[in-house]
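Written below as structure tokens is the structure these notes are about.
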Amino acid sequence: MSNDTATEQSALPAAKGRTPLWKKLLKDPQSSIAGGVIFIIVLLGVLAPWITGHGPNTVRLESINSPFNSPGYPLGTDQYGRDIWSRLLHSINTSSITAVISTTIAIGIGSVFGLVGGYFDRLRGITEWVFALIMTFPGMLVLILLLPITGGDFRITMAIFGVMLSPGIYRIVRNQVVGVKSELYIDAARVSGVSTIRILVRHVFSAVRGPVIIAAAFMAGSAISIQAGLAFLGVGSKETPSFGAMINDGFRNLYIDPLQYIWPSLLLGIINAALVLFGNALRDAMQGAQPKPAKIGQKVDAKAGAAGQNKISTVGKPSGNEGVPFLEVTDLVIAYPRPDGSLNDVVHGVNLRIEAAETLGLVGESGSGKTQTAFAILGVLPPEAVVRSGSIRVGGRELIGMTETDLRRIRGKQIAYIPQEPMSNLDPVYTVGAQLVEGIRAATGVSARAAKERALSLLARVGIPEPIRTFGAYPHQISGGMAQRVLIAGAVASNPKLLIADEPTTALDVTVQAEILDLLRDLQEELGMAVLLVTHNFGVVADICSRISVMHGGQIVETGDVFDVFREPQHEYTQKLLNAILDETSHRKDPPVETLELAGGAKR
Amino acid sequence: MTALLDVRDLRVTYQGRGLRRRSYEVLHGISLAIGRGETLGVVGESGSGKSTIGRAVLGLVKPRGGTIHFDGRDVTHADAATRRALAKDLQVIFQDPYSSLSPSLTVGDILSEPLIVQGASRHDARRRVQELLDQVGLPRDAADRIPREFSGGQRQRVAIARALAPEPRLIVCDEPVSALDLSTQARVLELLIDIQRRTGVSYLFVSHDLAVVRHISHRVSVVYRGDIVETGAAEVVTRAPEHPYTQQLLLAAPVADPVTQQKRRAERKLFRAQHG
């Protein structure tokens, strides 16, 4: 045990994983520049009383419409002789206060009721109704109508606007909470005796705060625009310096001095653009950006490709006396891009052979690269995966670098596939029969009627008791075991030479698993096809496979006849795995503590 | 001496959804008992209701009939306050080590929460967290990290540590090793057995895997479609079961040895021929 513990401890990644959010934001040019712009603008507003020579509302009739760069007026004055520079900086403060008031109120109201409505099913009806009602109010109009109540104070107006923004936050929080509520860690907290309020605050809200923060960045921008819009229309106190009021003044003076119109518009535009860009960067940093797809089969790195070719010539060639195997994978290297753009190999130089009509078990633990290898043979690796080198030959034809059209021809007819999750591989919208017929027609090109007959006979063949009823059924109407039988029927429809089964029974109960394995064995003998069975279960391998390849860390560490490998595993890793199996002989031998106590023997 | 957990005639129904609500019964009156320091394995296939037994004991689903006694107290319809008090004695380890830990809390926070809600001071809680990490074989600096930074096996160790935090007397283990790799699985089972020997905690161990149940259980109950069809000593039930369903279950589980598996397959064919 202590030894195991030591390995587990050393296996803990040293500094991997969490980069603090602020560091991510600083490193990303978009967020650092946008954030920096916002910071500088807000700072200018705060420092306004000290860095301007005149008050924002100080009227100097002697200096009406001073031009740009006049003495004492860096940006000139407007038609009342007010300092534009001073008014700009004080307008920033108005906008900042606007953003803070509106978003705080929107987040406060939206989050609290989102948590309540999301978590308590019974209250959701009421909260839903109230927020739907708020959403129907025409925002700008209500704010103008409420002018007598707000008395023209923009702070009260923007507080009301915050209420009108709150449904957006409410919806985000409510949706997130409904999703999070069924997570097991909420159950675990309930079992731990954590009170409901504490669960809501600590477990639920901490999981949903990300999207709320992102939404807040966008709402701040929208609140600033609305405030400016109202001021432009002349709603609210004339005493409050505001971009809207300045734009209005400049607009009326457009022919005399267009610059007066430009300054506030420009700054308002910059603030809004910075907020939107910052919000987007925040979303990327908190939720992870989308990976950029790369081409499959493309040898991106010329050097790596060349190195791979060299290796093939030295090690890759099989000894000649065994003839040409049906499937031959030589020195396959699959890589994924790391966040910094460099490539990370997940499969390093796999060599694999399958003779016609044999069953090879590809065994390994999670992350060993077994599924990646199988996907590469099928040509269905995710878009960001890169096959760096190696060759995959099926019946003598090279698959790497083949066009998608040619690949598709081989996939349907020569290579078929059975997935791990039967249910998620059937389209819930179409009947089982329609999906089977479509597959059969695509693979064999027969008429619809012939395809239907073939589908029915296949369904009967894979042991489905009532083929006609299952043919017309939707996927949700059949069980997982039945769904897997349907997929097997579809896979063998075109008499493939090679069947690739990726953990075909992992999601099934043991009794169903045994039946599916029986079916696969029968079909394999009947059709004379080769089977590549990807699995983590040595019992399944022992049951159905004739040869076994053990994969570990992206490499095949041992290949051999099933009987030989189970009897005398050569590689250390295979031995370790086989030893970890809980076999029939390892049952619990020590008695429970209670009987020990009764016997007066052991200590607790 | 009464059993630590005594479940009698437990019935649970789930309410259907939609306009035409139909409720269906998932447990048709099951009874089981667990002694102190004992592991009762509950085996069954998906949909058999085996997990519902654990959830009913934990109070996560409401029973429609029957009684649940914990240490002589009736907790069948315990209210929220009683449940909170019960949390000290009754804990859980779930199957999925990925969704059973709050993603945004540090391991230290996850482990100290059950202690703090039970009234421990922050200082004591922090000390206990270190003990717990030692106990499950995780490094001490794990407390400052978040679950995402750990592998599946390590996360399951965190979940075990959380269950152990208040020194409970019974832990409901709902498929705790099913999502783990083979070698990790064996290590986590060893850890659970080791903890039981040291602390005398009892386990209600729910699993679909006969091999796992055989490895950790003293006694085993087999659930089939909402009924317990067989209960007995682990060695007997998992090796020479009496009930045809258990026999079928045993014969269906593939053995990781080609020679034995060939024999088993033949036996299964014979069994199928006999039982239709």
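Residue names in the structure tokens use chain letters A, B, ... in the order shown, residue numbers from 1 in each chain, and ligand numbers from 1 in the order shown.
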
query = Got a sec to pull out which chain A residues are within 7 Å of chain B, counting only C-alpha atoms, and send them as an MDAnalysis selection string?
reply = chainID A and resid 5 9 17 183:185 188 191:194 203 206:207 365:366 509:511 514 538:540 542:543 563 566 577 580:584 586:588 591:594 604

ask   = Could you name the residues that touch Gly29 in chain B at 7 Å or less, counting only C-alpha atoms, but leaving out those on the same chain fewer than 6 positions away, as a PyMOL selection string?
value = chain B and resi 9-11+66

Kindly export the residues of the current selection with N, CA and C atoms, as a short mmCIF file (atom, residue, chain, number, x, y, z; two decimals), in the first residue's frame.
data_model
loop_
_atom_site.label_atom_id
_atom_site.label_comp_id
_atom_site.auth_asym_id
_atom_site.auth_seq_id
_atom_site.Cartn_x
_atom_site.Cartn_y
_atom_site.Cartn_z
N ASP B 9 -38.78 -3.97 4.59
CA ASP B 9 -39.88 -3.81 3.62
C ASP B 9 -39.85 -2.46 2.90
N LEU B 10 -38.67 -2.02 2.51
CA LEU B 10 -38.55 -0.69 1.89
C LEU B 10 -39.19 -0.68 0.51
N ARG B 11 -40.09 0.28 0.34
CA ARG B 11 -40.73 0.49 -0.96
C ARG B 11 -40.43 1.90 -1.43
N GLY B 66 -42.36 0.94 4.43
CA GLY B 66 -41.27 0.27 5.11
C GLY B 66 -40.57 1.19 6.09
#

Residues flagged strand (DSSP E or B) by DSSP in range 385-532 of chain A, as an mmCIF file with N, CA and C atoms, in the first residue's frame:
data_model
loop_
_atom_site.group_PDB
_atom_site.id
_atom_site.type_symbol
_atom_site.label_atom_id
_atom_site.label_comp_id
_atom_site.auth_asym_id
_atom_site.auth_seq_id
_atom_site.Cartn_x
_atom_site.Cartn_y
_atom_site.Cartn_z
ATOM 1 N N VAL A 386 -3.499 15.405 -35.357
ATOM 2 C CA VAL A 386 -2.567 15.401 -36.474
ATOM 3 C C VAL A 386 -1.885 14.038 -36.531
ATOM 4 N N VAL A 387 -1.962 13.365 -37.692
ATOM 5 C CA VAL A 387 -1.198 12.127 -37.872
ATOM 6 C C VAL A 387 0.178 12.545 -38.359
ATOM 7 N N ARG A 388 1.160 12.412 -37.474
ATOM 8 C CA ARG A 388 2.478 12.954 -37.801
ATOM 9 C C ARG A 388 3.256 12.054 -38.744
ATOM 10 N N SER A 389 3.115 10.750 -38.537
ATOM 11 C CA SER A 389 3.824 9.859 -39.450
ATOM 12 C C SER A 389 3.205 8.477 -39.339
ATOM 13 N N GLY A 390 3.672 7.557 -40.166
ATOM 14 C CA GLY A 390 3.197 6.193 -40.111
ATOM 15 C C GLY A 390 2.304 5.871 -41.283
ATOM 16 N N SER A 391 1.914 4.596 -41.359
ATOM 17 C CA SER A 391 1.047 4.194 -42.448
ATOM 18 C C SER A 391 -0.015 3.243 -41.928
ATOM 19 N N ILE A 392 -1.195 3.315 -42.528
ATOM 20 C CA ILE A 392 -2.284 2.390 -42.221
ATOM 21 C C ILE A 392 -2.687 1.763 -43.550
ATOM 22 N N ARG A 393 -2.452 0.492 -43.714
ATOM 23 C CA ARG A 393 -2.777 -0.166 -44.978
ATOM 24 C C ARG A 393 -3.899 -1.165 -44.746
ATOM 25 N N VAL A 394 -4.941 -1.065 -45.559
ATOM 26 C CA VAL A 394 -6.053 -2.009 -45.481
ATOM 27 C C VAL A 394 -6.109 -2.751 -46.808
ATOM 28 N N ARG A 397 -3.970 -1.183 -49.398
ATOM 29 C CA ARG A 397 -4.114 0.229 -49.793
ATOM 30 C C ARG A 397 -3.794 1.149 -48.625
ATOM 31 N N GLU A 398 -3.063 2.198 -48.926
ATOM 32 C CA GLU A 398 -2.663 3.140 -47.885
ATOM 33 C C GLU A 398 -3.815 4.100 -47.577
ATOM 34 N N ILE A 415 -14.503 -1.639 -43.899
ATOM 35 C CA ILE A 415 -14.337 -1.479 -42.457
ATOM 36 C C ILE A 415 -15.651 -0.998 -41.867
ATOM 37 N N ALA A 416 -16.119 -1.675 -40.845
ATOM 38 C CA ALA A 416 -17.328 -1.228 -40.157
ATOM 39 C C ALA A 416 -16.974 -0.956 -38.705
ATOM 40 N N TYR A 417 -17.903 -0.280 -38.000
ATOM 41 C CA TYR A 417 -17.580 0.215 -36.664
ATOM 42 C C TYR A 417 -18.754 0.022 -35.721
ATOM 43 N N ILE A 418 -18.456 -0.436 -34.527
ATOM 44 C CA ILE A 418 -19.471 -0.482 -33.465
ATOM 45 C C ILE A 418 -18.978 0.392 -32.320
ATOM 46 N N LEU A 498 -13.395 -6.015 -42.024
ATOM 47 C CA LEU A 498 -12.853 -5.683 -40.705
ATOM 48 C C LEU A 498 -13.918 -4.944 -39.904
ATOM 49 N N LEU A 499 -14.136 -5.422 -38.682
ATOM 50 C CA LEU A 499 -15.083 -4.757 -37.799
ATOM 51 C C LEU A 499 -14.284 -4.160 -36.652
ATOM 52 N N ILE A 500 -14.400 -2.862 -36.451
ATOM 53 C CA ILE A 500 -13.720 -2.222 -35.334
ATOM 54 C C ILE A 500 -14.753 -1.954 -34.259
ATOM 55 N N ALA A 501 -14.571 -2.577 -33.097
ATOM 56 C CA ALA A 501 -15.528 -2.417 -32.009
ATOM 57 C C ALA A 501 -14.825 -1.707 -30.865
ATOM 58 N N ASP A 502 -15.305 -0.502 -30.528
ATOM 59 C CA ASP A 502 -14.685 0.287 -29.469
ATOM 60 C C ASP A 502 -15.476 0.100 -28.186
ATOM 61 N N ALA A 530 -12.433 -9.948 -39.939
ATOM 62 C CA ALA A 530 -11.489 -9.683 -38.863
ATOM 63 C C ALA A 530 -12.146 -8.712 -37.898
ATOM 64 N N VAL A 531 -11.815 -8.818 -36.596
ATOM 65 C CA VAL A 531 -12.387 -7.914 -35.607
ATOM 66 C C VAL A 531 -11.254 -7.280 -34.810
ATOM 67 N N LEU A 532 -11.306 -5.956 -34.703
ATOM 68 C CA LEU A 532 -10.399 -5.255 -33.793
ATOM 69 C C LEU A 532 -11.237 -4.795 -32.622
#

ask   = What gap, in Å, lies between CA of Ala233 in chain B and CA of Ala161 in chain B?
value = 28.3 Å

inquiry  = Using DSSP assignments from the backbone, pull out every residue in range 120-354 of chain A that falls under alpha helix (DSSP H) and give it to me as JSON, numbers by chain.
reply    = {"A": [121, 122, 123, 124, 125, 126, 127, 128, 129, 130, 131, 132, 133, 134, 135, 136, 139, 140, 141, 142, 143, 144, 145, 147, 148, 149, 150, 154, 155, 156, 157, 158, 159, 160, 161, 162, 163, 164, 165, 166, 167, 168, 169, 170, 171, 172, 173, 174, 175, 176, 177, 178, 179, 180, 181, 184, 185, 186, 187, 188, 189, 190, 191, 196, 197, 198, 205, 206, 207, 208, 209, 210, 211, 212, 213, 214, 215, 216, 217, 218, 219, 220, 221, 222, 223, 224, 225, 226, 227, 228, 229, 230, 231, 232, 243, 244, 245, 246, 247, 248, 249, 250, 251, 252, 259, 260, 261, 262, 263, 264, 265, 266, 267, 268, 269, 270, 271, 272, 273, 274, 275, 276, 277, 278, 279, 280, 281, 282, 283, 284, 285, 286, 287, 302, 303, 304, 305, 306, 307, 308, 309, 310, 311]}

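Nearest residue to Gln130 in chain B, choosing from B:Gly108, B:Pro244, B:Gly41, B:Gly65 and counting only C-alpha atoms: B:Gly108.
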
key: Test item: residues at most 8 Å from Ala99 in chain A, only C-alpha atoms, excluding those fewer than 4 positions along its chain, as JSON, numbers by chain   = {"A": [95, 103, 219, 220, 221, 223, 224]}

Filtering to N, CA and C atoms, could you give me those residues as a compact mmCIF listing (two decimals), in the first residue's frame?
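Below is the file out_27.txt, written as the result:
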# COMPACT_ATOMS: atom_id res chain seq x y z
N SER A 95 -20.73 57.78 -16.71
CA SER A 95 -20.84 56.45 -17.31
C SER A 95 -20.43 55.36 -16.35
N THR A 103 -25.44 47.29 -13.48
CA THR A 103 -25.02 45.89 -13.44
C THR A 103 -25.15 45.32 -12.04
N MET A 219 -23.35 43.92 -20.15
CA MET A 219 -24.43 44.76 -19.63
C MET A 219 -23.92 46.14 -19.28
N ALA A 220 -22.69 46.23 -18.79
CA ALA A 220 -22.13 47.53 -18.47
C ALA A 220 -22.13 48.39 -19.73
N GLY A 221 -21.71 47.81 -20.84
CA GLY A 221 -21.70 48.55 -22.10
C GLY A 221 -23.09 48.99 -22.50
N ALA A 223 -25.69 49.47 -20.57
CA ALA A 223 -26.22 50.49 -19.66
C ALA A 223 -25.64 51.86 -20.02
N ILE A 224 -24.35 51.90 -20.32
CA ILE A 224 -23.72 53.18 -20.69
C ILE A 224 -24.37 53.74 -21.94
